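Here is target-v7.csv, consisting of CSV, C-alpha atoms:
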chain,number,residue,atom,x,y,z
P,23,MET,CA,-132.7,-61.7,87.5
P,24,HIS,CA,-129.1,-61.6,86.1
P,25,ILE,CA,-126.9,-63.7,88.3
P,26,SER,CA,-123.2,-62.8,88.4
P,27,LYS,CA,-120.6,-65.0,90.2
P,28,TYR,CA,-118.9,-63.0,92.8
P,29,PRO,CA,-115.1,-63.1,92.3
P,30,SER,CA,-112.7,-64.9,94.6
P,31,PRO,CA,-109.8,-62.9,96.2
P,32,ASN,CA,-106.8,-62.5,94.0
P,33,PHE,CA,-104.3,-63.7,96.6
P,34,LYS,CA,-101.0,-61.8,97.1
P,35,ARG,CA,-101.7,-59.5,94.2
P,36,SER,CA,-101.9,-56.3,96.3
P,37,THR,CA,-99.4,-55.0,98.8
P,38,THR,CA,-100.9,-51.6,99.4
P,39,LEU,CA,-104.5,-50.4,99.8
P,40,LYS,CA,-104.1,-48.2,96.6
P,41,GLU,CA,-102.9,-51.2,94.7
P,42,PHE,CA,-105.9,-53.3,95.9
P,43,LEU,CA,-108.4,-50.6,94.9
P,44,ASP,CA,-106.7,-49.9,91.5
P,45,LEU,CA,-106.5,-53.5,90.5
P,46,GLU,CA,-109.5,-55.2,92.2
P,47,ILE,CA,-112.3,-53.0,93.4
P,48,SER,CA,-114.0,-52.2,90.1
P,49,GLU,CA,-114.7,-55.9,89.6
P,50,LEU,CA,-115.9,-56.3,93.2
P,51,LEU,CA,-118.4,-53.4,93.3
P,52,PRO,CA,-121.7,-53.4,91.6
P,53,ASN,CA,-122.3,-51.3,88.4
P,54,GLN,CA,-122.2,-47.7,89.7
P,55,ASP,CA,-125.4,-46.7,87.7
P,56,ILE,CA,-127.3,-49.4,89.5
P,57,MET,CA,-125.7,-48.4,92.8
P,58,ILE,CA,-126.9,-44.8,92.4
P,59,LYS,CA,-130.4,-45.9,91.2
P,60,ASN,CA,-130.9,-48.2,94.3
P,61,HIS,CA,-129.5,-45.5,96.6
P,62,LEU,CA,-132.0,-43.0,95.3
P,63,ASN,CA,-134.8,-45.5,95.5
P,64,LEU,CA,-133.9,-46.0,99.1
P,65,VAL,CA,-133.8,-42.3,99.8
P,66,GLU,CA,-137.2,-41.8,98.2
P,67,TYR,CA,-138.7,-44.6,100.4
P,68,LEU,CA,-137.1,-43.2,103.6
P,69,ASP,CA,-138.4,-39.8,102.8
P,70,SER,CA,-142.0,-41.1,102.3
P,71,GLU,CA,-144.8,-40.3,104.7
P,72,SER,CA,-144.6,-43.5,106.8
P,73,PRO,CA,-141.5,-45.6,106.1
P,74,PHE,CA,-140.7,-48.7,108.2
P,75,PHE,CA,-137.1,-48.3,109.1
P,76,VAL,CA,-134.6,-51.2,109.2
P,77,LEU,CA,-131.6,-50.5,111.4
P,78,ARG,CA,-128.5,-52.4,112.6
P,79,LYS,CA,-129.1,-53.6,116.2
P,80,PHE,CA,-127.8,-51.3,119.0
P,81,LYS,CA,-128.1,-50.7,122.7
P,82,ASN,CA,-131.6,-51.4,124.1
P,83,TYR,CA,-132.7,-52.4,120.6
P,84,ASN,CA,-131.0,-55.8,119.9
P,85,ASN,CA,-133.8,-58.3,119.2
P,86,ARG,CA,-133.6,-58.7,115.5
P,87,GLY,CA,-136.9,-58.8,113.8
P,88,SER,CA,-138.9,-57.2,116.7
P,89,ASN,CA,-141.2,-54.3,116.2
P,90,TYR,CA,-139.9,-51.1,117.9
P,91,SER,CA,-141.2,-47.5,117.8
P,92,PHE,CA,-139.8,-44.0,118.5
P,93,LYS,CA,-142.3,-41.1,118.6
P,94,ASN,CA,-144.7,-43.0,116.4
P,95,HIS,CA,-142.0,-44.0,113.9
P,96,PHE,CA,-141.7,-47.8,113.6
P,97,PHE,CA,-138.6,-49.8,112.9
P,98,THR,CA,-136.9,-53.2,113.4
P,99,VAL,CA,-133.3,-54.1,113.9
P,100,SER,CA,-131.0,-56.6,112.1
P,101,ASP,CA,-127.5,-58.0,111.8
P,102,ASN,CA,-125.6,-57.5,108.6
P,103,GLU,CA,-127.7,-59.7,106.4
P,104,PRO,CA,-129.9,-57.0,104.9
P,105,ALA,CA,-126.8,-55.0,104.0
P,106,LEU,CA,-125.1,-57.9,102.3
P,107,TRP,CA,-128.4,-58.9,100.5
P,108,VAL,CA,-128.8,-55.3,99.1
P,109,PHE,CA,-125.1,-55.3,98.1
P,110,MET,CA,-125.3,-58.6,96.2
P,111,GLU,CA,-128.7,-57.9,94.6
P,112,THR,CA,-127.2,-54.6,93.3
P,113,PHE,CA,-124.1,-56.5,92.2
P,114,ASN,CA,-126.5,-58.8,90.2
P,115,LYS,CA,-127.9,-55.7,88.5
P,116,CYS,CA,-131.4,-55.7,90.2
P,117,GLU,CA,-133.2,-52.4,90.6
P,118,LEU,CA,-134.8,-52.5,94.1
P,119,ASP,CA,-138.2,-51.2,95.2
P,120,PHE,CA,-137.7,-50.8,98.9
P,121,SER,CA,-141.3,-50.1,99.7
P,122,THR,CA,-142.3,-53.5,98.3
P,123,LEU,CA,-139.2,-55.3,99.7
P,124,ILE,CA,-139.9,-54.0,103.3
P,125,GLU,CA,-143.7,-54.3,103.2
P,126,ASN,CA,-143.4,-58.0,102.1
P,127,GLN,CA,-140.3,-58.8,104.1
P,128,GLN,CA,-138.4,-60.0,101.0
P,129,PHE,CA,-134.9,-59.8,102.4
P,130,PRO,CA,-133.4,-61.6,105.5
P,131,ILE,CA,-133.3,-59.6,108.7
P,132,ALA,CA,-130.8,-62.0,110.3
P,133,PHE,CA,-128.7,-65.0,109.6
P,134,ALA,CA,-130.7,-66.8,112.3
P,135,ILE,CA,-133.0,-65.7,115.1
P,136,ARG,CA,-132.1,-66.7,118.7
P,137,GLU,CA,-134.6,-68.4,120.9
P,138,GLU,CA,-135.0,-65.4,123.1
P,139,GLU,CA,-135.8,-63.2,120.1
P,140,LYS,CA,-138.6,-65.3,118.7
P,141,GLN,CA,-141.4,-64.0,121.0
P,142,GLY,CA,-141.4,-60.5,119.7
P,143,ASN,CA,-140.4,-61.4,116.1
P,144,ILE,CA,-142.5,-59.8,113.4
P,145,TRP,CA,-140.1,-60.4,110.5
P,146,GLN,CA,-140.2,-63.9,109.2
P,147,THR,CA,-137.4,-63.9,106.6
P,148,THR,CA,-134.0,-65.1,107.8
P,149,GLY,CA,-131.0,-66.9,106.4
P,150,ARG,CA,-128.4,-66.1,103.8
P,151,ASN,CA,-129.1,-65.9,100.1
P,152,HIS,CA,-125.7,-65.0,98.8
P,153,LYS,CA,-123.4,-67.5,100.5
P,154,GLU,CA,-120.6,-67.2,98.0
P,155,PHE,CA,-119.6,-63.8,99.2
P,156,SER,CA,-118.3,-64.8,102.6
P,157,ALA,CA,-117.4,-68.3,101.4
P,158,ASN,CA,-115.0,-66.8,99.0
P,159,GLY,CA,-113.2,-65.0,101.8
P,160,TRP,CA,-114.7,-61.5,101.7
P,161,LYS,CA,-115.9,-59.3,104.6
P,162,HIS,CA,-118.8,-57.0,103.8
P,163,CYS,CA,-117.6,-53.6,105.2
P,164,HIS,CA,-119.4,-50.2,105.8
P,165,ILE,CA,-117.9,-46.9,105.0
P,166,PHE,CA,-119.9,-45.3,107.8
P,167,GLN,CA,-120.9,-47.2,111.0
P,168,CYS,CA,-124.5,-48.4,110.9
P,169,SER,CA,-124.7,-48.2,114.7
P,170,PRO,CA,-122.5,-45.2,115.6
P,171,ILE,CA,-120.7,-45.8,118.9
P,172,GLY,CA,-122.1,-43.8,121.8
P,173,GLU,CA,-125.0,-42.2,119.8
P,174,THR,CA,-128.7,-42.6,120.6
P,175,ILE,CA,-131.9,-41.9,118.7
P,176,THR,CA,-133.2,-38.4,119.3
P,177,HIS,CA,-135.1,-37.6,116.1
P,178,LYS,CA,-136.7,-39.3,113.1
P,179,LYS,CA,-133.7,-38.2,111.0
P,180,ASP,CA,-131.5,-40.5,113.2
P,181,LEU,CA,-133.7,-43.5,112.1
P,182,LYS,CA,-133.3,-42.4,108.5
P,183,ARG,CA,-129.5,-42.0,108.8
P,184,ARG,CA,-129.0,-45.4,110.4
P,185,SER,CA,-131.3,-47.1,107.8
P,186,LEU,CA,-129.5,-45.4,105.0
P,187,ARG,CA,-126.1,-46.5,106.2
P,188,LEU,CA,-127.3,-50.1,106.6
P,189,LEU,CA,-129.0,-50.5,103.2
P,190,SER,CA,-127.5,-48.0,100.8
P,191,PRO,CA,-125.1,-49.7,98.3
P,192,LEU,CA,-123.0,-46.5,98.4
P,193,ASN,CA,-122.0,-47.3,102.0
P,194,HIS,CA,-120.7,-50.8,101.2
P,195,PHE,CA,-117.3,-52.2,100.1
P,196,PRO,CA,-115.6,-55.6,100.2
P,197,PHE,CA,-112.3,-56.5,101.9
P,198,PHE,CA,-110.4,-59.6,102.9
P,199,SER,CA,-112.2,-61.3,105.9
P,200,PRO,CA,-110.3,-61.8,109.2
P,201,ARG,CA,-112.1,-65.1,109.4
P,202,LYS,CA,-110.2,-66.4,106.4
P,203,TYR,CA,-107.0,-64.4,106.5
P,204,GLU,CA,-104.3,-63.5,109.0
P,205,MET,CA,-103.9,-59.8,109.1
P,206,PRO,CA,-102.3,-57.4,111.7
P,207,ILE,CA,-105.5,-55.3,111.8
P,208,ASP,CA,-109.0,-55.6,110.4
P,209,TYR,CA,-108.4,-53.2,107.5
P,210,GLY,CA,-112.2,-53.0,106.7
P,211,GLU,CA,-112.7,-51.4,110.1
P,212,ASN,CA,-109.6,-49.1,110.2
P,213,LYS,CA,-110.4,-45.4,110.1
P,214,GLU,CA,-107.4,-44.5,107.9
P,215,CYS,CA,-108.2,-47.2,105.4
P,216,ILE,CA,-111.8,-46.1,105.2
P,217,VAL,CA,-110.8,-42.5,104.6
P,218,TYR,CA,-108.6,-43.6,101.8
P,219,VAL,CA,-111.4,-45.8,100.3
P,220,ILE,CA,-113.8,-42.7,100.3
P,221,TRP,CA,-111.2,-40.6,98.6
P,222,TRP,CA,-110.4,-43.3,96.0
P,223,LEU,CA,-114.1,-44.0,95.2
P,224,TYR,CA,-114.8,-40.4,94.6
P,225,ASN,CA,-111.7,-39.8,92.5
P,226,HIS,CA,-111.2,-43.1,90.7
P,227,PHE,CA,-114.5,-45.0,90.6
P,228,TYR,CA,-117.5,-42.8,90.1
P,229,THR,CA,-118.0,-40.9,86.9
P,230,ASP,CA,-118.6,-37.2,86.9
P,231,LYS,CA,-122.4,-37.6,86.6
P,232,ASN,CA,-122.5,-40.0,89.6
P,233,LYS,CA,-119.9,-38.2,91.8
P,234,ILE,CA,-122.5,-35.7,92.9
P,235,TYR,CA,-124.6,-38.4,94.5
P,236,PHE,CA,-121.7,-40.1,96.3
P,237,LYS,CA,-120.5,-36.7,97.5
P,238,ALA,CA,-124.0,-35.8,98.8
P,239,PHE,CA,-124.2,-39.1,100.6
P,240,VAL,CA,-120.8,-38.7,102.2
P,241,GLU,CA,-121.3,-35.1,103.2
P,242,GLY,CA,-124.7,-36.1,104.6
P,243,GLN,CA,-122.8,-38.2,107.2
P,244,ASN,CA,-120.8,-35.0,108.3
P,245,PHE,CA,-117.7,-36.1,106.4
P,246,ILE,CA,-115.7,-34.0,103.9
P,247,ILE,CA,-113.9,-35.9,101.2
P,248,PRO,CA,-110.2,-35.0,101.3
P,249,ILE,CA,-108.9,-32.9,98.5
P,250,GLU,CA,-105.4,-34.3,98.6
P,251,GLU,CA,-104.8,-38.0,98.3
P,252,PRO,CA,-104.4,-39.5,101.9
P,253,LYS,CA,-101.3,-41.5,102.7
P,254,ASP,CA,-101.4,-45.0,101.1
P,255,ILE,CA,-101.5,-47.9,103.6
P,256,LYS,CA,-99.5,-51.1,103.4
P,257,ILE,CA,-101.7,-54.2,103.6
P,258,GLU,CA,-100.5,-57.6,104.8
P,259,TYR,CA,-102.6,-60.8,104.6
P,260,SER,CA,-102.1,-64.5,104.4
P,261,ILE,CA,-104.5,-67.4,104.2
P,262,LYS,CA,-105.2,-68.9,107.7
P,263,ASN,CA,-104.1,-72.4,108.3
P,264,ASN,CA,-107.3,-74.2,109.2
P,265,HIS,CA,-105.6,-77.6,109.7
P,266,GLY,CA,-102.7,-78.9,111.7
P,267,SER,CA,-101.7,-76.8,114.6
P,268,LYS,CA,-104.9,-74.8,114.6
P,269,THR,CA,-107.0,-77.9,114.8
P,270,LYS,CA,-104.9,-79.1,117.7
P,271,LYS,CA,-105.4,-75.8,119.5
P,272,ALA,CA,-109.1,-76.0,119.1
P,273,VAL,CA,-109.2,-79.5,120.5
P,274,ASN,CA,-107.2,-78.3,123.5
P,275,ILE,CA,-109.7,-75.5,124.1
P,276,ILE,CA,-112.6,-78.0,124.0
P,277,ALA,CA,-110.8,-80.3,126.5
P,278,LYS,CA,-110.1,-77.4,128.9
P,279,THR,CA,-113.6,-76.2,128.7
P,280,LYS,CA,-115.1,-79.6,129.5
P,281,ALA,CA,-112.8,-79.9,132.5
P,282,THR,CA,-113.9,-76.6,134.1
P,283,LYS,CA,-117.4,-76.4,132.7
P,284,LYS,CA,-120.1,-75.3,135.3
P,285,VAL,CA,-123.7,-76.3,135.3
P,286,THR,CA,-125.8,-73.9,133.3
P,287,PRO,CA,-129.6,-73.6,133.0
P,288,THR,CA,-131.2,-76.3,130.9
P,289,SER,CA,-133.0,-73.7,128.9
P,290,LEU,CA,-129.6,-72.4,127.5
P,291,LYS,CA,-129.1,-73.7,124.0
P,292,THR,CA,-125.6,-73.6,122.6
P,293,ASN,CA,-124.6,-73.7,119.0
P,294,SER,CA,-122.8,-76.9,118.3
P,295,ILE,CA,-120.6,-75.1,115.7
P,296,LEU,CA,-119.1,-72.9,118.5
P,297,VAL,CA,-116.5,-73.8,121.0
P,298,ASN,CA,-117.6,-73.1,124.6
P,299,LYS,CA,-115.0,-71.2,126.7
P,300,GLU,CA,-115.5,-70.0,130.3
P,301,SER,CA,-113.8,-66.9,131.7
P,302,THR,CA,-113.8,-64.6,134.8
P,303,CYS,CA,-113.5,-61.5,132.7
P,304,PHE,CA,-114.9,-60.0,129.4
P,305,LYS,CA,-112.3,-60.3,126.7
P,306,ILE,CA,-111.9,-59.8,122.9
P,307,SER,CA,-108.6,-60.8,121.4
P,308,GLN,CA,-107.0,-60.8,118.0
P,309,ASN,CA,-105.6,-64.3,118.8
P,310,TRP,CA,-109.1,-65.6,119.6
P,311,TYR,CA,-110.7,-64.4,116.3
P,312,GLY,CA,-111.8,-67.1,113.9
P,313,GLN,CA,-111.7,-69.9,116.5
P,314,GLY,CA,-115.5,-70.0,116.8
P,315,LEU,CA,-115.6,-69.2,120.5
P,316,LYS,CA,-118.7,-68.8,122.6
P,317,ILE,CA,-117.6,-67.1,125.8
P,318,THR,CA,-119.4,-67.5,129.1
P,319,VAL,CA,-118.0,-65.0,131.6
P,320,THR,CA,-118.9,-65.0,135.3
P,321,PHE,CA,-117.9,-61.9,137.3
P,322,LYS,CA,-117.0,-61.7,141.0
P,323,ASN,CA,-120.5,-60.3,141.7
P,324,GLY,CA,-122.0,-63.5,140.5
P,325,ARG,CA,-123.6,-62.2,137.2
P,326,THR,CA,-123.0,-64.4,134.2
P,327,PHE,CA,-123.0,-63.3,130.5
P,328,GLN,CA,-122.5,-65.1,127.2
P,329,TYR,CA,-121.4,-63.8,123.9
P,330,ASN,CA,-120.2,-64.9,120.5
P,331,HIS,CA,-116.6,-63.7,120.5
P,332,ASP,CA,-116.3,-63.0,116.7
P,333,GLU,CA,-119.6,-61.2,116.6
P,334,VAL,CA,-118.6,-58.8,119.4
P,335,TYR,CA,-115.2,-58.4,117.8
P,336,ASP,CA,-116.8,-57.4,114.4
P,337,GLU,CA,-119.2,-55.0,116.1
P,338,THR,CA,-116.6,-53.2,118.3
P,339,ILE,CA,-113.1,-53.5,116.8
P,340,LEU,CA,-113.4,-50.0,115.2
P,341,HIS,CA,-113.4,-48.7,118.8
P,342,TYR,CA,-111.2,-51.1,120.7
P,343,GLY,CA,-108.7,-51.5,117.9
P,344,ASN,CA,-107.6,-47.9,118.4
P,345,LEU,CA,-106.9,-48.2,122.1
P,346,ASN,CA,-103.4,-48.4,123.5
P,347,CYS,CA,-104.0,-51.8,125.1
P,348,TRP,CA,-105.0,-53.3,121.7
P,349,LYS,CA,-102.0,-51.8,119.9
P,350,LYS,CA,-99.7,-53.2,122.7
P,351,TYR,CA,-101.3,-56.6,123.5
P,352,GLY,CA,-103.9,-57.2,120.7
P,353,CYS,CA,-106.8,-57.6,123.1
P,354,TYR,CA,-109.2,-55.8,125.5
P,355,THR,CA,-110.4,-57.1,128.8
P,356,SER,CA,-112.7,-56.0,131.7
P,357,SER,CA,-112.7,-58.0,134.9
P,358,ILE,CA,-115.5,-55.8,136.5
P,359,ASN,CA,-118.4,-55.8,134.1
P,360,ILE,CA,-119.6,-55.9,130.5
P,361,PRO,CA,-118.6,-52.6,128.8
P,362,GLU,CA,-121.5,-50.4,127.8
P,363,LEU,CA,-120.5,-50.6,124.2
P,364,VAL,CA,-120.8,-54.4,124.2
P,365,VAL,CA,-124.1,-54.7,126.0
P,366,PRO,CA,-126.3,-55.0,122.8
P,367,PHE,CA,-124.3,-58.1,121.8
P,368,VAL,CA,-124.2,-60.2,125.0
P,369,THR,CA,-126.9,-62.2,126.8
P,370,GLU,CA,-127.2,-62.4,130.5
P,371,ILE,CA,-127.8,-65.8,132.0
P,372,ILE,CA,-130.2,-65.6,134.9
Could you take the file, read its structure, and then write that structure out as structure tokens?
Amino acid sequence: MHISKYPSPNFKRSTTLKEFLDLEISELLPNQDIMIKNHLNLVEYLDSESPFFVLRKFKNYNNRGSNYSFKNHFFTVSDNEPALWVFMETFNKCELDFSTLIENQQFPIAFAIREEEKQGNIWQTTGRNHKEFSANGWKHCHIFQCSPIGETITHKKDLKRRSLRLLSPLNHFPFFSPRKYEMPIDYGENKECIVYVIWWLYNHFYTDKNKIYFKAFVEGQNFIIPIEEPKDIKIEYSIKNNHGSKTKKAVNIIAKTKATKKVTPTSLKTNSILVNKESTCFKISQNWYGQGLKITVTFKNGRTFQYNHDEVYDETILHYGNLNCWKKYGCYTSSINIPELVVPFVTEII
């Protein structure tokens, strides 16, 4: 296999989305001929008689690696690891045989499996093979949502569409990670940014012979590529300060948590990397992002839930980031219950 070192961000080189795409993206995306080839290989597999679908986890289907079925069609669910793996293997110029890959479980289904997921787990491969991508400060973004908000499975074609969005290299692009950079919004999840990315890829990245495949994929998601260039978007980003005041802030959070910590079931295992924080309401916040918070929320009705703040943020910001409360305060809260959109990403403590 040809191994290519993934580039590091070229800091402060770009001030608009167009400038970033013009100067950077061609070096950050895989060879387009390999992208098209792997996309078509995936389509061929998903159109075969009995494919096993791999989908991004969603409501009522959130145990990664478990075996699920819908009208005699079988599938499992994952986090973003399969998508990142396919992207990086394509970047390394590997042609992918999805039938063999899935039959032999040759790509990771998750970064790690939680204890409560292990009982029904049928997929044994976990972990991260391409650590340099996120280590270099990139976020792996999707043009179209892999788990569309508010949508359920009603037909086999829904399984195919979700699996195609998760695994097709045509649906992936890199952008600066909110974990590493201070940004006013998560540009990789912003609708206006994504529309511009689609237009730019079609008009400035793909050759004429490959445009037809990208256009077919995009229109298959019920989206029409704009004829005119969308409005360019100013991008602002700076490297997060991981020392000094931020370290002090994290220490203060730990101290406060220990002072108010309640007794939890002995079976509950916490990740030592995360900082535990207790709350009486569900909350995601721009100011909390990147602090490694594991939130335990206990509502007035006595029900207690736990969630990884940054994971929930990544999965739902495309929705909450467009609400007025987010634009005004940079956060979303609920003091009554866990919002339906968030249910797949939280664990209730009994």
- Message: Using only C-alpha atoms for the distances, tell me which of P:Glu71, P:Asp55, P:Thr147, P:Thr112 is nearest to Gln127 (chain P).
- Response: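 Among the listed residues, the smallest separation from Gln127 (chain P) belongs to P:Thr147.
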Could you pull the residues within 8 Å of Ile56 (chain P), counting all atoms listed in the file, minus those fewer than 6 positions along the same chain, as a short mmCIF file (atom, residue, chain, number, x, y, z; two decimals) with C-alpha atoms, keeping the file's coordinate frame?
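Writing done, so here's result_23.cif:
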data_model
loop_
_atom_site.label_atom_id
_atom_site.label_comp_id
_atom_site.auth_asym_id
_atom_site.auth_seq_id
_atom_site.Cartn_x
_atom_site.Cartn_y
_atom_site.Cartn_z
CA THR P 112 -127.20 -54.60 93.30
CA LYS P 115 -127.90 -55.70 88.50
CA CYS P 116 -131.40 -55.70 90.20
CA GLU P 117 -133.20 -52.40 90.60
#
- Find the residue from P:Ile247, P:Ile358, P:Tyr259, P:Asp208 that sits nearest to Asn344 (chain P); use all atoms listed in the file when measuring.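 That would be P:Asp208, the residue with the smallest distance to Asn344 (chain P).
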- Message: Just want the 8 Å neighbourhood of region 305-314 of chain P, counted on only C-alpha atoms, with same-chain residues fewer than 3 positions away dropped. Output as JSON, numbers by chain.
- Response: {"P": [200, 201, 202, 272, 295, 296, 297, 330, 331, 332, 334, 335, 352, 353, 354, 355, 356]}
- Calculate how many Å separate CA of Ser72 (chain P) from CA of Arg184 (chain P), rounding to one decimal.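 Separation between CA of Ser72 (chain P) and CA of Arg184 (chain P): 16.1 Å.
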- So what do you get for CA of Phe42 (chain P) versus CA of Leu118 (chain P), distance-wise? 29.0 Å
- Message: Between CA of Ile261 (chain P) and CA of Ser156 (chain P), what distance in Å does the model show, to one decimal?
- Response: 14.1 Å
- Task: Considering all atoms listed in the file, state which residue in the set P:Lys161, P:His177, P:Arg86, P:Lys299 is at the smallest distance from Gly142 (chain P).
- Result: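 Answer, going by the shortest atom-to-atom distance: P:Arg86.
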- Message: Need to verify the contact set: region 165-175 of chain P, 9 Å, all atoms listed in the file, exclusion of same-chain residues closer than 5 positions in sequence. Can you return it as a ChimeraX atom specification?
- Response: /P:77-81,92,180-181,183-188,192-195,210-211,216-217,219-220,240,243,337-338,341,362-363
- Message: For Arg325 (chain P), find every residue with an atom within 8 Å (counting only C-alpha atoms), except residues of its own chain fewer than 5 positions away, and show them as a list in words.
- Response: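 Residues near the query, excluding close chain neighbours: Thr320, Glu370, Ile371 and Ile372 of chain P.
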Print the selection's residues with C-alpha atoms to a file, as a compact mmCIF listing (two decimals), in the frame of the given file.
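And here's again-v2.txt as it stands now:
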# COMPACT_ATOMS: atom_id res chain seq x y z
CA THR P 320 -118.90 -65.00 135.30
CA GLU P 370 -127.20 -62.40 130.50
CA ILE P 371 -127.80 -65.80 132.00
CA ILE P 372 -130.20 -65.60 134.90
- Could you pull the residues within 10 Å of Lys253 (chain P), counting only C-alpha atoms, minus those fewer than 6 positions along the same chain, as a PyMOL selection string? chain P and resi 39-40+214-215+217-218
- Sphere at (-131.8, -67.3, 107.5), radius 10 Å, counting all atoms listed in the file: residues as a ChimeraX atom specification: /P:103,129-135,146-151
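For the choices P:Asn102, P:Lys322, P:Gln141, P:Ile207, the atom-to-atom distance to Trp348 (chain P) is smallest for P:Ile207 when using all atoms listed in the file.
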- Query: Within 9 Å of (-135.4, -50.5, 94.2), all atoms listed in the file: residues as a PyMOL selection string?
  - Reply: chain P and resi 59-64+116-123
- Taking into account all atoms listed in the file, which residue in the set P:Leu223, P:Cys303, P:Val364, P:Ile257 is nearest to Ser48 (chain P)?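 Closest candidate: P:Leu223.
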- Item | Using all atoms listed in the file: which of P:Lys182, P:His226, P:Lys262, P:Lys213 has the shortest distance to Tyr67 (chain P) | P:Lys182
